[in-house]
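Undergrad: The structure's right below; bear with me while I get my questions together.
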Amino acid sequence: NTGNEWGTEEPLKEEVTGLAVNVDLQTDATLQVDISDALSERDKVKFTVHTKSTLPNFKQNEFSVVRQHEEFIWLHDSFVENEEYAGYIIPPAPPRPDFDASREKLQKLGEGEGSMTKEEFTKMKQELEAEYLAIFKKTVAMHEVFLCRVAAHPVLRKDMNFHVFLEYNQDLSVRGKNKREKMEDFFKNVVKSADGVLVAGVKDVDDFFEHEKTFLLEYHNRVKDASSKSDRMIRSHKSAADDINRIASTLYTLGTQDSTDVCKFFLKVSELFEKTRKIEARVAADEDLKLADLLKYYLRESQAAKDLLYRRGRALVDYENANKALDKARAKNKDVLQAETSQQVCCQKFEKISESAKQELIDFKTRRVAAFRKNLVELAELELKHAKGNLQLLQSCVGVLKGDT
Amino acid sequence: MQLDEEIEDKFELNISITNPEKVGDGMNAYMAYKVSTQTTLPMFRSKTFTVRRRFSDFLGLYEKLSDKHTLNGYIVPPPPEKSIMGMTKVKVGKEDNSSAEFVERRRAALERYLQRVVFHPSLLQDPDVRECVCVCALSGAGFLKMINRATDSLSKMTIKMNESDVWFEEKLQEVEAEDQQLRKLHIMVDSLVGHRKELSVNTGGFAKSVAMLGSSEDNTALSRALSQLAEVEDKMEQLHQEQAASDSFCFAELLADYIRLLGSVRASFDQRMKTWQRWQDAQNMLQKKRETEAKLLWANKPDKLQQAKDDITEWEAKVTQYERDFDRVSATVRKEVLRFEKEKARDFKKQIIKYLESLLQSQQQLIKYWEAFLPEAKAIA
């Protein structure tokens, strides 16, 4: 049994069923994927990927395997590197599970144990545990969304690597990229972005793609800004809730010093603040899930859409270069057949990408609108629920306190 | 209990401090406040009157009251703290939010200070108090002394008392424990104010970014919903700002007042200990004089004997007097503490209920905003 940060014997498990899905996906019976369980160990998270399928490719109708984050990345990267999929928006990879901040807080708590009362310590520990759990749930949700997107995609769902990922019940031995590979990746990205600027500058003949390019460039930047600002806002909210928690504790201490009227008063107010701060913390958590996560997800998806446009742009450049080469070959009357073949290949590649890209971008819009609708409605409903809860608590407390005097 | 309520009912003296105005320029400038009194008490010649006072006038009043009454065991309410930083900004003419906030905070604190002073039945009788509210300005600036005298004496207090009345010992411990907790609480409330202000600013930033996102969104219904969301968040920015002000003015300031007041309470306990010490010293002196007399009798020096006898008489009288003083001061301190506790209970209840009501109103506003937004979100197609 592996221990975890909490020093307990029980590894942190989480019952995960149908979690927050930031994309509106139609799942059908032929292939359903979800993460049915997850385990947080000292330095890794183990996801139980559960598949139900009527497809003949699989040996059974229902099966599960255990996967780690690196294996998800391997799968994502294999899509990106596959030329066949150049015309699709590759579902963005889930971010690495990051418990660093939470661990740091826990460490600080441990160091400061001597300077607080037992009650305070227990309280803060519970809060940190809740925070850890929330981060855990989120990372599970993000890994699940990735798999669901793949499973819902008419072409990607048939991918061989995907099936291996789902079915092969041994370790895929996908070790994390070593240093040299990471360096190569870095340079690949640098070249890509320089290229990207070049390609983006070329005006497209096709109105649809020209509009999409302009739209996506602006949209992506604005989503990025909104995402970071929402994070900042939610962090302040959490800090305020933490303060209210501490205030409640101190009021409690004041209230227990005596049994006079004013002490009873402090106890009641302390109790109220205990309750309202729980609600405030929930508000921050819900804003995180419905707003911040939504924006983060569309940041990644809009990047994936931009990548698609870039690939199409590259194909267009290749096509145009092949055209020029063909003209030159015809002029010199040298290697014409070769140039013709090359040009035809480029043409087909470009047209194939353009055709699927158009549909992908339309689907992206549909998904985006649906996801925003779902999350904004849920956000508003939750904000109302919490505000009403808060209001009721305050009203009843004020009523009691006024009645007492 | 009964008597205090009666006093409260009969209490017709309302004081308010308003209209802070900057007088002069540069480093010699100061803020003058309008002190308005409305009363039916016979000790005043008219029913309503106003004067202009500056901060140093209030400090001067405190010093005078403290000089006269602390040694009798009275709990003299302390004035708000001096703030070189805060005032410098005002003098230099920095017209920004923080200096406006500072002036408002000071105005409210001075008002509460004066209200506490006049609410104290014994202090109200003091002519200096009357002078502060209804005659020409007291000479302020020249008499400024550096630190609150009451808390000054605290640090030098090393008297170990043989406490005959355990009530005082227990009370002092309670006061010290409470002081500790209130200071802790004040720090936390200050932290809350800071985070709420931060939340307000960050919400505003978020609102703007959502508006930008909405304007680049090409689905019309979603675009509109996003700009509505931006408006909601804009309103939340305002709400958080107001809430932070409430946190500060209703809650933090209350705590700051009582931390200062507890200082005055401890001062009155110290004063009691001083009178006890004086009584003890007198007793020791009497003992010495008696020993002197005995020595003189034994050494047979009749000429100095009369002096010795006179000394004894003198010190016997002092011992009696100082014992009476100690009893009197003890009784006053006891009465004052009970009165203080009652006032504190009332103050805290009133203020905290007011604070909770402001929280309540915030939530009601919140509900309005989100209820207006929900249909917009549902309309996305």
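Residue numbering restarts at 1 in every chain; chains get A, B, ... in the order shown in the structure tokens, and ligands count up from 1 in that same order.
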What are the closest atom pairs, with distances in Å to one decimal, for all residues of chain B lying within 8 Å of chain A? Consider only C-alpha atoms, order rows by chain and residue number, and present the result as JSON lines.
TA:
{"residue": "B:Glu174", "atom": "CA", "partner": "A:Gln257", "partner_atom": "CA", "distance": 7.9}
{"residue": "B:Glu178", "atom": "CA", "partner": "A:Leu254", "partner_atom": "CA", "distance": 6.9}
{"residue": "B:Gln181", "atom": "CA", "partner": "A:Leu254", "partner_atom": "CA", "distance": 6.6}
{"residue": "B:Lys184", "atom": "CA", "partner": "A:Thr250", "partner_atom": "CA", "distance": 7.5}
{"residue": "B:Leu185", "atom": "CA", "partner": "A:Thr250", "partner_atom": "CA", "distance": 6.2}
{"residue": "B:Met188", "atom": "CA", "partner": "A:Ile247", "partner_atom": "CA", "distance": 6.2}
{"residue": "B:Val189", "atom": "CA", "partner": "A:Ile247", "partner_atom": "CA", "distance": 7.0}
{"residue": "B:Ser191", "atom": "CA", "partner": "A:Asp243", "partner_atom": "CA", "distance": 6.8}
{"residue": "B:Leu192", "atom": "CA", "partner": "A:Asp243", "partner_atom": "CA", "distance": 5.5}
{"residue": "B:His195", "atom": "CA", "partner": "A:Ala240", "partner_atom": "CA", "distance": 5.4}
{"residue": "B:Arg196", "atom": "CA", "partner": "A:Ala240", "partner_atom": "CA", "distance": 6.2}
{"residue": "B:Glu198", "atom": "CA", "partner": "A:Ser236", "partner_atom": "CA", "distance": 6.4}
{"residue": "B:Leu199", "atom": "CA", "partner": "A:Ser236", "partner_atom": "CA", "distance": 5.0}
{"residue": "B:Asn202", "atom": "CA", "partner": "A:Met233", "partner_atom": "CA", "distance": 4.9}
{"residue": "B:Thr203", "atom": "CA", "partner": "A:Met233", "partner_atom": "CA", "distance": 5.5}
{"residue": "B:Gly205", "atom": "CA", "partner": "A:Lys229", "partner_atom": "CA", "distance": 6.4}
{"residue": "B:Phe206", "atom": "CA", "partner": "A:Lys229", "partner_atom": "CA", "distance": 5.0}
{"residue": "B:Ser209", "atom": "CA", "partner": "A:Ala226", "partner_atom": "CA", "distance": 5.0}
{"residue": "B:Val210", "atom": "CA", "partner": "A:Ala226", "partner_atom": "CA", "distance": 5.9}
{"residue": "B:Met212", "atom": "CA", "partner": "A:Arg222", "partner_atom": "CA", "distance": 6.6}
{"residue": "B:Leu213", "atom": "CA", "partner": "A:Arg222", "partner_atom": "CA", "distance": 5.3}
{"residue": "B:Ser216", "atom": "CA", "partner": "A:Tyr219", "partner_atom": "CA", "distance": 6.0}
{"residue": "B:Glu217", "atom": "CA", "partner": "A:Tyr219", "partner_atom": "CA", "distance": 7.0}
{"residue": "B:Asp218", "atom": "CA", "partner": "A:Phe215", "partner_atom": "CA", "distance": 7.9}
{"residue": "B:Asn219", "atom": "CA", "partner": "A:Val369", "partner_atom": "CA", "distance": 7.4}
{"residue": "B:Leu222", "atom": "CA", "partner": "A:Val369", "partner_atom": "CA", "distance": 6.6}
{"residue": "B:Ala345", "atom": "CA", "partner": "A:Val262", "partner_atom": "CA", "distance": 5.3}
{"residue": "B:Phe348", "atom": "CA", "partner": "A:Val262", "partner_atom": "CA", "distance": 7.9}
{"residue": "B:Lys349", "atom": "CA", "partner": "A:Phe265", "partner_atom": "CA", "distance": 7.4}
{"residue": "B:Ile353", "atom": "CA", "partner": "A:Val398", "partner_atom": "CA", "distance": 6.4}
{"residue": "B:Leu356", "atom": "CA", "partner": "A:Leu394", "partner_atom": "CA", "distance": 6.8}
{"residue": "B:Glu357", "atom": "CA", "partner": "A:Val398", "partner_atom": "CA", "distance": 7.3}
{"residue": "B:Leu359", "atom": "CA", "partner": "A:Leu394", "partner_atom": "CA", "distance": 7.7}
{"residue": "B:Leu360", "atom": "CA", "partner": "A:Leu391", "partner_atom": "CA", "distance": 5.8}
{"residue": "B:Gln363", "atom": "CA", "partner": "A:Ala387", "partner_atom": "CA", "distance": 5.6}
{"residue": "B:Gln364", "atom": "CA", "partner": "A:Leu391", "partner_atom": "CA", "distance": 7.0}
{"residue": "B:Leu366", "atom": "CA", "partner": "A:Ala387", "partner_atom": "CA", "distance": 6.8}
{"residue": "B:Ile367", "atom": "CA", "partner": "A:Leu384", "partner_atom": "CA", "distance": 5.7}
{"residue": "B:Trp370", "atom": "CA", "partner": "A:Ala380", "partner_atom": "CA", "distance": 5.8}
{"residue": "B:Glu371", "atom": "CA", "partner": "A:Leu384", "partner_atom": "CA", "distance": 7.2}
{"residue": "B:Phe373", "atom": "CA", "partner": "A:Ala380", "partner_atom": "CA", "distance": 7.2}
{"residue": "B:Leu374", "atom": "CA", "partner": "A:Ala380", "partner_atom": "CA", "distance": 5.7}
{"residue": "B:Ala377", "atom": "CA", "partner": "A:Val377", "partner_atom": "CA", "distance": 5.4}
{"residue": "B:Lys378", "atom": "CA", "partner": "A:Val377", "partner_atom": "CA", "distance": 6.1}
{"residue": "B:Ile380", "atom": "CA", "partner": "A:Arg373", "partner_atom": "CA", "distance": 5.9}
{"residue": "B:Ala381", "atom": "CA", "partner": "A:Val369", "partner_atom": "CA", "distance": 7.2}
Undergrad: Which residues are near stretch 303-314 of chain A? Cut-off 8 Å, only C-alpha atoms, ignore same chain within fewer than 4 positions. Put them as a ChimeraX atom specification.
TA: /A:86-92,196,199-200,213,216-217,220,299,318,350,353-354,357,361
Undergrad: Hey, can you check how far atom CA of A:Lys264 sits from atom CA of B:Leu182?
TA: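 Taking atom CA of A:Lys264 and atom CA of B:Leu182, their separation equals 16.1 Å.
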Undergrad: Would you mind listing what lies within 10 Å of B:Arg224 as a ChimeraX atom specification, with only C-alpha atoms counted and same-chain residues fewer than 2 positions away left out?
TA: /B:211,214-215,217,219-222,226-230,376-377,379-380
Undergrad: Which residues are close to B:Ala245, i.e. within 12 Å by only C-alpha atoms, leaving aside same-chain residues fewer than 3 positions away? Reply as a compact mmCIF listing (two decimals) with all heavy atoms, in the first residue's frame.
TA:
# COMPACT_ATOMS: atom_id res chain seq x y z
N ASN B 97 -7.92 58.21 -3.30
CA ASN B 97 -8.86 57.38 -2.52
C ASN B 97 -8.37 57.13 -1.11
O ASN B 97 -9.13 57.21 -0.16
CB ASN B 97 -9.05 56.02 -3.21
CG ASN B 97 -10.17 56.10 -4.21
OD1 ASN B 97 -10.93 57.05 -4.20
ND2 ASN B 97 -10.25 55.13 -5.10
N SER B 98 -7.07 56.84 -0.95
CA SER B 98 -6.61 56.44 0.37
C SER B 98 -6.63 57.61 1.33
O SER B 98 -6.92 57.45 2.51
CB SER B 98 -5.22 55.82 0.30
OG SER B 98 -4.29 56.81 -0.10
N GLU B 101 -10.24 58.18 2.31
CA GLU B 101 -10.62 57.12 3.23
C GLU B 101 -10.08 57.44 4.63
O GLU B 101 -10.77 57.26 5.63
CB GLU B 101 -10.02 55.81 2.75
CG GLU B 101 -10.88 54.60 3.00
CD GLU B 101 -10.21 53.34 2.51
OE1 GLU B 101 -10.27 53.10 1.30
OE2 GLU B 101 -9.63 52.63 3.36
N PHE B 102 -8.84 57.91 4.68
CA PHE B 102 -8.20 58.24 5.96
C PHE B 102 -9.00 59.31 6.68
O PHE B 102 -9.27 59.20 7.89
CB PHE B 102 -6.77 58.69 5.72
CG PHE B 102 -6.12 59.28 6.93
CD1 PHE B 102 -5.65 58.47 7.94
CD2 PHE B 102 -6.01 60.66 7.09
CE1 PHE B 102 -5.06 59.01 9.08
CE2 PHE B 102 -5.42 61.19 8.22
CZ PHE B 102 -4.95 60.38 9.22
N GLU B 104 -12.13 60.16 6.30
CA GLU B 104 -13.43 59.65 6.70
C GLU B 104 -13.30 58.77 7.94
O GLU B 104 -14.09 58.84 8.88
CB GLU B 104 -14.06 58.88 5.54
CG GLU B 104 -15.32 58.09 5.88
CD GLU B 104 -16.42 58.89 6.55
OE1 GLU B 104 -16.46 60.12 6.37
OE2 GLU B 104 -17.21 58.28 7.31
N ARG B 105 -12.26 57.92 7.93
CA ARG B 105 -12.05 57.04 9.06
C ARG B 105 -11.81 57.85 10.33
O ARG B 105 -12.35 57.55 11.40
CB ARG B 105 -10.87 56.12 8.81
CG ARG B 105 -10.99 54.84 9.62
CD ARG B 105 -9.90 53.89 9.34
NE ARG B 105 -9.71 53.75 7.91
CZ ARG B 105 -8.72 53.10 7.37
NH1 ARG B 105 -7.84 52.52 8.12
NH2 ARG B 105 -8.59 53.03 6.08
N VAL B 189 -9.31 40.82 10.38
CA VAL B 189 -10.31 41.62 9.66
C VAL B 189 -9.60 42.54 8.66
O VAL B 189 -10.05 42.72 7.54
CB VAL B 189 -11.20 42.42 10.62
CG1 VAL B 189 -12.14 43.33 9.85
CG2 VAL B 189 -12.00 41.48 11.50
N ASP B 190 -8.46 43.08 9.07
CA ASP B 190 -7.67 43.90 8.14
C ASP B 190 -7.28 43.09 6.92
O ASP B 190 -7.33 43.59 5.79
CB ASP B 190 -6.40 44.39 8.83
CG ASP B 190 -6.56 45.79 9.37
OD1 ASP B 190 -7.59 46.43 9.06
OD2 ASP B 190 -5.67 46.26 10.11
N LEU B 192 -8.91 40.58 5.73
CA LEU B 192 -10.13 40.40 4.94
C LEU B 192 -10.40 41.63 4.09
O LEU B 192 -10.72 41.52 2.90
CB LEU B 192 -11.32 40.13 5.86
CG LEU B 192 -12.69 40.00 5.19
CD1 LEU B 192 -12.73 38.83 4.22
CD2 LEU B 192 -13.79 39.85 6.23
N VAL B 193 -10.24 42.80 4.69
CA VAL B 193 -10.46 44.04 3.95
C VAL B 193 -9.53 44.08 2.74
O VAL B 193 -9.95 44.39 1.62
CB VAL B 193 -10.20 45.27 4.85
CG1 VAL B 193 -10.22 46.55 4.02
CG2 VAL B 193 -11.23 45.36 5.94
N GLY B 194 -8.27 43.74 2.97
CA GLY B 194 -7.29 43.74 1.88
C GLY B 194 -7.67 42.79 0.77
O GLY B 194 -7.65 43.15 -0.41
N HIS B 195 -8.07 41.57 1.15
CA HIS B 195 -8.42 40.60 0.13
C HIS B 195 -9.68 40.97 -0.62
O HIS B 195 -9.80 40.72 -1.82
CB HIS B 195 -8.54 39.20 0.74
CG HIS B 195 -7.22 38.59 1.03
ND1 HIS B 195 -6.92 37.96 2.21
CD2 HIS B 195 -6.09 38.53 0.30
CE1 HIS B 195 -5.68 37.53 2.18
NE2 HIS B 195 -5.15 37.86 1.03
N ARG B 196 -10.62 41.59 0.09
CA ARG B 196 -11.84 42.00 -0.60
C ARG B 196 -11.57 43.13 -1.59
O ARG B 196 -12.15 43.16 -2.67
CB ARG B 196 -12.92 42.44 0.38
CG ARG B 196 -13.86 41.31 0.65
CD ARG B 196 -15.27 41.77 0.73
NE ARG B 196 -15.77 41.50 2.06
CZ ARG B 196 -16.43 40.39 2.37
NH1 ARG B 196 -16.69 39.50 1.45
NH2 ARG B 196 -16.82 40.21 3.62
N LYS B 197 -10.68 44.02 -1.21
CA LYS B 197 -10.31 45.10 -2.14
C LYS B 197 -9.65 44.50 -3.37
O LYS B 197 -9.93 44.89 -4.51
CB LYS B 197 -9.36 46.09 -1.47
CG LYS B 197 -10.05 47.05 -0.55
CD LYS B 197 -9.08 48.12 -0.06
CE LYS B 197 -9.80 49.10 0.83
NZ LYS B 197 -8.90 49.82 1.71
N SER B 200 -12.16 42.93 -5.51
CA SER B 200 -12.88 43.95 -6.27
C SER B 200 -12.09 44.33 -7.52
O SER B 200 -12.62 44.34 -8.63
CB SER B 200 -13.11 45.18 -5.39
OG SER B 200 -13.64 46.22 -6.16
N GLN B 238 -18.17 46.56 -7.89
CA GLN B 238 -18.70 47.63 -7.05
C GLN B 238 -19.14 47.08 -5.70
O GLN B 238 -18.84 47.63 -4.65
CB GLN B 238 -19.89 48.28 -7.78
CG GLN B 238 -20.47 49.48 -7.09
CD GLN B 238 -19.47 50.59 -6.92
OE1 GLN B 238 -18.56 50.76 -7.72
NE2 GLN B 238 -19.59 51.33 -5.85
N LEU B 239 -19.83 45.95 -5.75
CA LEU B 239 -20.35 45.31 -4.55
C LEU B 239 -19.22 44.93 -3.60
O LEU B 239 -19.29 45.17 -2.39
CB LEU B 239 -21.14 44.07 -4.96
CG LEU B 239 -22.30 43.65 -4.08
CD1 LEU B 239 -23.35 44.73 -4.07
CD2 LEU B 239 -22.91 42.36 -4.59
N HIS B 240 -18.18 44.34 -4.15
CA HIS B 240 -17.05 43.94 -3.32
C HIS B 240 -16.37 45.15 -2.69
O HIS B 240 -15.94 45.11 -1.55
CB HIS B 240 -16.02 43.16 -4.15
CG HIS B 240 -16.48 41.80 -4.57
ND1 HIS B 240 -16.99 40.89 -3.68
CD2 HIS B 240 -16.50 41.20 -5.76
CE1 HIS B 240 -17.31 39.79 -4.32
NE2 HIS B 240 -17.02 39.94 -5.59
N GLN B 241 -16.30 46.24 -3.47
CA GLN B 241 -15.69 47.47 -2.97
C GLN B 241 -16.48 47.98 -1.76
O GLN B 241 -15.91 48.32 -0.72
CB GLN B 241 -15.69 48.50 -4.10
CG GLN B 241 -15.06 49.82 -3.76
CD GLN B 241 -13.57 49.71 -3.59
OE1 GLN B 241 -12.93 48.78 -4.07
NE2 GLN B 241 -12.99 50.64 -2.86
N GLU B 242 -17.82 47.98 -1.92
CA GLU B 242 -18.67 48.44 -0.82
C GLU B 242 -18.54 47.54 0.39
O GLU B 242 -18.51 47.99 1.53
CB GLU B 242 -20.14 48.49 -1.27
CG GLU B 242 -20.43 49.65 -2.20
CD GLU B 242 -21.73 49.50 -2.96
OE1 GLU B 242 -22.53 48.59 -2.62
OE2 GLU B 242 -21.95 50.28 -3.89
N SER B 248 -14.34 47.32 6.83
CA SER B 248 -13.40 48.22 7.48
C SER B 248 -14.09 49.12 8.48
O SER B 248 -13.72 49.17 9.65
CB SER B 248 -12.70 49.05 6.41
OG SER B 248 -11.80 49.93 7.00
N PHE B 249 -15.12 49.81 8.04
CA PHE B 249 -15.74 50.81 8.90
C PHE B 249 -16.58 50.22 10.01
O PHE B 249 -16.62 50.75 11.11
CB PHE B 249 -16.56 51.78 8.07
CG PHE B 249 -15.71 52.80 7.38
CD1 PHE B 249 -15.35 52.65 6.06
CD2 PHE B 249 -15.24 53.90 8.07
CE1 PHE B 249 -14.54 53.58 5.43
CE2 PHE B 249 -14.42 54.83 7.45
CZ PHE B 249 -14.07 54.67 6.13
N CYS B 250 -17.30 49.15 9.71
CA CYS B 250 -18.16 48.59 10.75
C CYS B 250 -17.40 47.70 11.70
O CYS B 250 -17.63 47.70 12.89
CB CYS B 250 -19.27 47.73 10.10
SG CYS B 250 -20.72 48.65 9.67
N PHE B 251 -16.54 46.89 11.15
CA PHE B 251 -15.93 45.83 11.94
C PHE B 251 -14.53 46.21 12.44
O PHE B 251 -14.29 46.28 13.63
CB PHE B 251 -15.88 44.56 11.07
CG PHE B 251 -15.84 43.27 11.84
CD1 PHE B 251 -15.87 43.26 13.22
CD2 PHE B 251 -15.75 42.06 11.18
CE1 PHE B 251 -15.82 42.07 13.93
CE2 PHE B 251 -15.70 40.86 11.88
CZ PHE B 251 -15.74 40.87 13.24
N ALA B 252 -13.64 46.50 11.49
CA ALA B 252 -12.25 46.76 11.88
C ALA B 252 -12.14 47.96 12.83
O ALA B 252 -11.40 47.92 13.82
CB ALA B 252 -11.38 46.98 10.65
N GLU B 253 -12.88 49.01 12.52
CA GLU B 253 -12.80 50.21 13.36
C GLU B 253 -13.34 49.95 14.76
O GLU B 253 -12.80 50.45 15.75
CB GLU B 253 -13.59 51.35 12.71
CG GLU B 253 -12.89 51.94 11.50
CD GLU B 253 -11.64 52.71 11.86
OE1 GLU B 253 -11.75 53.83 12.37
OE2 GLU B 253 -10.54 52.18 11.64
N TYR B 355 -23.16 45.39 10.72
CA TYR B 355 -22.25 44.78 9.75
C TYR B 355 -22.91 43.61 9.05
O TYR B 355 -22.86 43.48 7.82
CB TYR B 355 -20.98 44.34 10.48
CG TYR B 355 -20.00 43.59 9.62
CD1 TYR B 355 -19.43 44.17 8.49
CD2 TYR B 355 -19.64 42.29 9.92
CE1 TYR B 355 -18.53 43.49 7.71
CE2 TYR B 355 -18.74 41.60 9.15
CZ TYR B 355 -18.19 42.20 8.04
OH TYR B 355 -17.29 41.51 7.27
N SER B 358 -25.28 44.69 6.48
CA SER B 358 -24.65 45.12 5.22
C SER B 358 -24.30 43.90 4.38
O SER B 358 -24.44 43.91 3.15
CB SER B 358 -23.42 45.97 5.48
OG SER B 358 -22.29 45.17 5.72
N LEU B 359 -23.86 42.82 5.02
CA LEU B 359 -23.57 41.57 4.31
C LEU B 359 -24.84 41.05 3.65
O LEU B 359 -24.84 40.58 2.51
CB LEU B 359 -23.03 40.51 5.27
CG LEU B 359 -21.62 40.70 5.84
CD1 LEU B 359 -21.30 39.59 6.83
CD2 LEU B 359 -20.58 40.72 4.75
Undergrad: Ranking A:Val45, A:Lys137, A:Lys118, A:Phe63 by minimum distance to A:Ala285 and counting only C-alpha atoms, which one comes first?
TA: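 Smallest distance to A:Ala285 is found for A:Lys137.
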Undergrad: List as a VMD selection string the protein and nucleic acid residues near stretch 336-342 of chain B, meaning an atom at most 12 Å away when only C-alpha atoms are counted, but skip any in the same chain fewer than 5 places from it.
TA: (chain A and resid 260 to 263) or (chain B and resid 1 3 to 5 69 to 70 72 to 77 116 to 117 119 to 123 167 to 168 171 to 172 174 to 175 178 258 261 to 262 264 to 269 329 to 331 347 to 349)
Undergrad: Selection from above, C-alpha atoms, as a PDB file, in the first residue's frame, can you write it?
TA:
ATOM      1  CA  THR A 260     -21.802  36.530  29.598  1.00  0.00           C
ATOM      2  CA  ASP A 261     -24.308  37.805  27.067  1.00  0.00           C
ATOM      3  CA  VAL A 262     -21.632  39.266  24.865  1.00  0.00           C
ATOM      4  CA  CYS A 263     -19.784  35.958  24.794  1.00  0.00           C
TER       5      CYS A 263
ATOM      6  CA  MET B   1     -29.356  47.814  35.502  1.00  0.00           C
ATOM      7  CA  LEU B   3     -30.669  53.049  36.540  1.00  0.00           C
ATOM      8  CA  ASP B   4     -28.561  52.809  33.406  1.00  0.00           C
ATOM      9  CA  GLU B   5     -31.595  52.264  31.246  1.00  0.00           C
ATOM     10  CA  HIS B  69      -9.770  61.404  36.309  1.00  0.00           C
ATOM     11  CA  THR B  70      -7.506  58.427  35.691  1.00  0.00           C
ATOM     12  CA  ASN B  72      -9.438  58.245  40.572  1.00  0.00           C
ATOM     13  CA  GLY B  73      -9.874  54.998  38.735  1.00  0.00           C
ATOM     14  CA  TYR B  74     -12.021  56.252  35.889  1.00  0.00           C
ATOM     15  CA  ILE B  75     -11.780  54.664  32.490  1.00  0.00           C
ATOM     16  CA  VAL B  76     -11.168  57.636  30.236  1.00  0.00           C
ATOM     17  CA  PRO B  77     -11.950  56.830  26.588  1.00  0.00           C
ATOM     18  CA  ARG B 116     -18.241  57.860  24.362  1.00  0.00           C
ATOM     19  CA  VAL B 117     -16.915  60.753  26.420  1.00  0.00           C
ATOM     20  CA  PHE B 119     -22.022  59.210  27.397  1.00  0.00           C
ATOM     21  CA  HIS B 120     -19.900  58.775  30.521  1.00  0.00           C
ATOM     22  CA  PRO B 121     -22.006  60.335  33.319  1.00  0.00           C
ATOM     23  CA  SER B 122     -19.023  61.576  35.330  1.00  0.00           C
ATOM     24  CA  LEU B 123     -16.966  62.882  32.435  1.00  0.00           C
ATOM     25  CA  TRP B 167     -12.352  40.033  41.579  1.00  0.00           C
ATOM     26  CA  PHE B 168      -9.716  42.524  40.422  1.00  0.00           C
ATOM     27  CA  LYS B 171     -10.914  40.886  35.811  1.00  0.00           C
ATOM     28  CA  LEU B 172      -7.445  42.007  34.832  1.00  0.00           C
ATOM     29  CA  GLU B 174      -9.899  38.661  31.459  1.00  0.00           C
ATOM     30  CA  VAL B 175      -9.036  42.083  30.106  1.00  0.00           C
ATOM     31  CA  GLU B 178      -9.548  39.809  25.587  1.00  0.00           C
ATOM     32  CA  TYR B 258     -11.909  48.601  21.798  1.00  0.00           C
ATOM     33  CA  LEU B 261     -10.305  51.328  25.231  1.00  0.00           C
ATOM     34  CA  LEU B 262      -8.918  48.212  26.855  1.00  0.00           C
ATOM     35  CA  SER B 264      -7.633  52.725  29.270  1.00  0.00           C
ATOM     36  CA  VAL B 265      -9.180  49.932  31.332  1.00  0.00           C
ATOM     37  CA  ARG B 266      -5.767  48.586  32.184  1.00  0.00           C
ATOM     38  CA  ALA B 267      -4.696  52.099  33.054  1.00  0.00           C
ATOM     39  CA  SER B 268      -7.421  52.309  35.648  1.00  0.00           C
ATOM     40  CA  PHE B 269      -6.278  49.004  37.158  1.00  0.00           C
ATOM     41  CA  VAL B 329     -10.516  54.142  43.813  1.00  0.00           C
ATOM     42  CA  SER B 330     -11.165  50.397  44.002  1.00  0.00           C
ATOM     43  CA  ALA B 331     -14.878  51.057  44.183  1.00  0.00           C
ATOM     44  CA  ASP B 347     -21.634  48.543  21.197  1.00  0.00           C
ATOM     45  CA  PHE B 348     -20.513  45.203  19.831  1.00  0.00           C
ATOM     46  CA  LYS B 349     -24.033  43.959  19.359  1.00  0.00           C
TER      47      LYS B 349
END
Undergrad: Step one, run DSSP on the backbone; step two, keep only residues of stretch 89-237 of chain B assigned to alpha helix (DSSP H); then write them as a count of residues only.
TA: 115
